[in-house]
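Written below as structure tokens is the structure these notes are about.
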Amino acid sequence: MPLCMARSPPSRRAPAGDARQGRARLSCRPRAGARVGRIRVTLDIGIVLAVVSLAFLLFLTEVLPVELVGVLALVALVLTGVVDPNEAFQGFGSPALVMIACVLVLSSSLVRNGAGERIAARIERLSGTGPEKMILALLASVTGISAFINNVAATAMYLPVAENLARTYRVPPSRLLMPVAYASLLGGVCTLTGTSTNVAVSGGLEAHGMKPLGIFELSWVGVPLAVVGLVYLLVVSRWIPGRAAEEAEPENGDSRQGRLFLTELEVPEGSPAIGRTLRELALAENYELSPIGLIRGAVRLAEDVLDTPLKEGDVVVVEGTVHAINRGVAAAGLRRKKSSKVTPPGQGALALVEGTISYNSPLIGRTLREVDLRGRYGLDVIALWRRGGPLVEKIGHIRLRIGDDLLIQGPIDRIRSLAGDPLYLLLNDRVLPRYEPRKELLSVLAFAGALLLGASGIVPIALAFVLGALAVILTGCMTVEEAYRAVNFKLILIVGSMFGVATAIEESGTAAWMAQSMLEALGGAGARPLMMLAGLYWLTVLLTQSMSNAAAALLVLPIGLSSAELMGIAVRPVAVTIAVAASLAFMTPLEPACLLVMSTGRYRFADFMKFGAPLSVVCFLIVMLLVPLFYPY
């Protein structure tokens, strides 16, 4: 008799109160130790494998937006008849999605209302004059906060905090930012709310009629992981390249402004540069500005750029630090290229600051021309930096990504208005908005109340966080529109569609076939549960390097449940292993928390492999030790 039917009857779900919900229960559950015949590859299994493989390839290449890939995969499985339409889209009504949205709203309220600034001040007071104490206090604080709020939101909140501390203690920002991102990932596995991946896995269990994860159920493994991970980060932080310090620091001592940017400078009417060549202007020798290119009209000149006489309206592309750009532009008879609009008078002094595209910014996927910061805020973007280097192309036509750094110029009061919305753009400068302590306190109380309600079991966890989200809106901590913007609808689409894909993987028999194949590779009937957990751990880690963590977890979960069914063991150790593995994406910068710090810290792709791979191995060993101890088979 086959392990799973191609179509499972509606009654296969266990009722919520089933006393056996701690065991894997799929379409037809064999007794522990029962012999199961070899599962044959059917047409449905072939279709699922083909669709999932193609989706994986598209996730990896980013040819299409990841949320679109998830929806297309689900639609393909419906159209091919692998999964029933009524079941395919049930995931979009899951309590897990509601909880994810509400956690994002509550996290945004904390960030928006200045919780990070108060924390930074306390860290500075506790650290005294020692940078080692400062790093310990910073990383411990990040870990503690990210255990409760979304880990990417925690990274976003601490990005300007870490940079301010780096300036105060004269430590290269690169030695703080990667550890901050890693600490947020470690904190995220301590509780259910630390990352959306945990909530997604909990929702997957609930969809199978099993008890969802409790708020602190992951803490038995997550807290020891966080402690050991912090020790590792403290040790290796001194060896992380301090590339920001390798540049010459400007006179004001701000090491961030030693970073090189590309920007476009225009030859204005009546400029003394007209008729002269770039070689004659000696931009590099006199102003430390390196000419990169020359644009005349719509054509980028390719030959004799340095010896071509300049004309009015020419655009010179130069590379230099913020300090060099400020000092050299006017002296060379050039000006920063900007739109025809002029800044209204009486708006205060101009400032030049850096901004980082946040994880949930509406700027992602749009060009600067489409966004029109000049028209909306009276601000000019004069340079763009991405993943370790400045971009050479016309920046107005480049589609923005998470973690991009923008060099922004404009009136200070306009910059403050932009800084007032940290989910729109994180401003890495001292020009910060003024926060209201009342809203900060109410945001903290709303989040704490949701946690206590959910942990107590008085109301369902999802309802507890709905009440918390309503509280921050009704008390004026956020407007309804700000709450909408706080919800990452791309994440909602990915998780909702992956719930449907996971259903197809299970009901087609693909999960059972893959589970049987994996167990046979691990030794067949002699395979031990720990070997199975190790295989699931590294499969999940591999998938998270190229796709959303939640998507990877939901793809592996049906395979894990089928493996538990075949071995006749409880599903709790399987679910915990998958949730933890999916959240610990250290080896590449594709994790959103790592993308946020990549450009600002001037990291290279190899840096994440160099420092993240050993941490991944350490975490694996701890998980393999603690999961069997706290979650019996």
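Residue names in the structure tokens use chain letters A, B, ... in the order shown, residue numbers from 1 in each chain, and ligand numbers from 1 in the order shown.
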
Wanna dump the segment 524-599 of chain A-segment 187-210 of chain A contacts at 8 Å for me, each residue with its shortest atom pair and the distance in Å to one decimal, counting only C-alpha atoms, ordered by chain and number, as a tab-separated table?
residue	atom	partner	partner_atom	distance
A:Asn549	CA	A:Thr197	CA	6.1
A:Ala550	CA	A:Thr197	CA	4.4
A:Ala553	CA	A:Val201	CA	6.7
A:Leu554	CA	A:Val201	CA	6.5
A:Leu557	CA	A:Val201	CA	7.5
A:Ala575	CA	A:Val201	CA	6.9
A:Ala579	CA	A:Asn198	CA	5.6
A:Val580	CA	A:Val189	CA	5.9
A:Ala582	CA	A:Thr197	CA	7.1
A:Ser583	CA	A:Thr197	CA	6.7

Selected residues, C-alpha atoms, written as a short mmCIF file (atom, residue, chain, number, x, y, z; two decimals), in the first residue's frame, please.
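Output below, filename out-v7.cif:
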data_model
loop_
_atom_site.label_atom_id
_atom_site.label_comp_id
_atom_site.auth_asym_id
_atom_site.auth_seq_id
_atom_site.Cartn_x
_atom_site.Cartn_y
_atom_site.Cartn_z
CA ASN A 549 13.94 31.68 4.40
CA ALA A 550 10.22 31.13 4.91
CA ALA A 553 11.28 26.14 5.35
CA LEU A 554 7.85 25.52 3.85
CA LEU A 557 8.66 20.89 6.02
CA ALA A 575 9.87 21.21 12.84
CA ALA A 579 12.76 26.44 11.55
CA VAL A 580 16.18 27.05 13.10
CA ALA A 582 16.02 28.28 7.74
CA SER A 583 16.68 31.30 9.95
#

- Query: Contacts of Ile149 of chain A at 12 Å or less, counting only C-alpha atoms, minus same-chain residues fewer than 5 places along, as a PyMOL selection string?
  - Reply: chain A and resi 100-111+115+142-144+154-157+184-185+187-196+443-444+447-448+450-451+465

Write the residues of the preceding selection, restricted to C-alpha atoms, as a PDB file, in the first residue's frame.
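Dumped to result36.pdb:
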ATOM      1  CA  ILE A 100       3.358  37.910  10.328  1.00  0.00           C
ATOM      2  CA  ALA A 101       1.638  41.116   9.188  1.00  0.00           C
ATOM      3  CA  CYS A 102       0.866  42.185  12.752  1.00  0.00           C
ATOM      4  CA  VAL A 103       4.404  41.466  13.980  1.00  0.00           C
ATOM      5  CA  LEU A 104       5.723  43.680  11.163  1.00  0.00           C
ATOM      6  CA  VAL A 105       3.341  46.476  12.193  1.00  0.00           C
ATOM      7  CA  LEU A 106       4.389  46.271  15.847  1.00  0.00           C
ATOM      8  CA  SER A 107       8.081  46.104  14.916  1.00  0.00           C
ATOM      9  CA  SER A 108       7.682  49.136  12.672  1.00  0.00           C
ATOM     10  CA  SER A 109       6.013  51.080  15.477  1.00  0.00           C
ATOM     11  CA  LEU A 110       8.994  50.439  17.755  1.00  0.00           C
ATOM     12  CA  VAL A 111      11.475  51.514  15.070  1.00  0.00           C
ATOM     13  CA  ALA A 115      13.279  52.877  20.440  1.00  0.00           C
ATOM     14  CA  VAL A 142      20.505  43.378  19.063  1.00  0.00           C
ATOM     15  CA  THR A 143      20.076  39.716  19.963  1.00  0.00           C
ATOM     16  CA  GLY A 144      17.644  40.490  22.759  1.00  0.00           C
ATOM     17  CA  ALA A 154      15.915  44.837  14.289  1.00  0.00           C
ATOM     18  CA  THR A 155      18.829  45.153  11.852  1.00  0.00           C
ATOM     19  CA  ALA A 156      17.192  48.184  10.268  1.00  0.00           C
ATOM     20  CA  MET A 157      16.744  49.777  13.689  1.00  0.00           C
ATOM     21  CA  SER A 184      19.750  39.639  14.674  1.00  0.00           C
ATOM     22  CA  LEU A 185      19.556  36.228  12.966  1.00  0.00           C
ATOM     23  CA  GLY A 187      18.105  36.395  18.207  1.00  0.00           C
ATOM     24  CA  GLY A 188      15.403  35.538  15.692  1.00  0.00           C
ATOM     25  CA  VAL A 189      15.528  31.818  16.566  1.00  0.00           C
ATOM     26  CA  CYS A 190      14.921  32.428  20.286  1.00  0.00           C
ATOM     27  CA  THR A 191      11.148  32.975  20.066  1.00  0.00           C
ATOM     28  CA  LEU A 192       8.271  32.476  17.669  1.00  0.00           C
ATOM     29  CA  THR A 193       8.055  36.185  16.791  1.00  0.00           C
ATOM     30  CA  GLY A 194      11.769  36.640  16.095  1.00  0.00           C
ATOM     31  CA  THR A 195      11.371  35.896  12.402  1.00  0.00           C
ATOM     32  CA  SER A 196       8.545  35.282   9.973  1.00  0.00           C
ATOM     33  CA  SER A 443       4.569  50.941  21.252  1.00  0.00           C
ATOM     34  CA  VAL A 444       6.592  48.995  23.815  1.00  0.00           C
ATOM     35  CA  PHE A 447       4.200  44.679  21.851  1.00  0.00           C
ATOM     36  CA  ALA A 448       4.731  43.411  25.387  1.00  0.00           C
ATOM     37  CA  ALA A 450       0.692  40.961  22.674  1.00  0.00           C
ATOM     38  CA  LEU A 451       3.538  38.707  23.789  1.00  0.00           C
ATOM     39  CA  PHE A 465      -0.890  40.235  17.821  1.00  0.00           C
TER      40      PHE A 465
END

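Nearest to Met99 of chain A of all the residues A:Gly454, A:Pro573, A:Gly313, A:Gly601 is A:Gly454, counting only C-alpha atoms.
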
*Between A:Tyr182, A:Trp239, A:Phe92, A:Phe499, which is the closest to Ala73 of chain A once you count only C-alpha atoms?*
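Answer, going by the shortest atom-to-atom distance: A:Phe499.
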
Please, what distance in Å, to one decimal, runs between atom CA of Gly355 of chain A and atom CA of Met587 of chain A?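 Distance between the two atoms: 25.6 Å.
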
- atom CA of Leu470 of chain A to atom CA of Glu217 of chain A, straight-line distance in Å: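 Those two atoms sit 25.7 Å apart.
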
* To do: Within segment 358-566 of chain A, find each residue whose DSSP state, derived from the backbone, is alpha helix (DSSP H), and express the selection as an NGL selection string.
  => :A and (368-371 or 373-377 or 412-419 or 437-456 or 461-474 or 480-486 or 489-507 or 510-521 or 529-544 or 549-566)

Requested in this report: To one decimal in Å, tell me the separation between atom CA of Asp404 of chain A and atom CA of Ile119 of chain A.
Outcome: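 Interatomic distance, atom CA of Asp404 of chain A to atom CA of Ile119 of chain A: 25.1 Å.
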
Between A:Leu213, A:Ala552, A:Ala181, A:Val329, which residue has the minimum interatomic distance to Val152 of chain A, considering only C-alpha atoms?
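Of all the options, A:Ala181 lies closest to Val152 of chain A.
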
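Each of A:Gly70, A:Gly410, A:Pro589, A:Pro460 was compared to Leu373 of chain A using only C-alpha atoms, and A:Gly410 turns out to be the nearest.
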
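Around Ala273 of chain A, within 10 Å and counting only C-alpha atoms, the residues found are A:Val267, A:Pro268, A:Leu278, A:Glu280, A:Leu281, A:Pro309, A:Leu310, A:Lys311, A:Glu312, A:Ala332, A:Gly333, A:Leu334, once anything fewer than 5 positions away on its own chain is removed.
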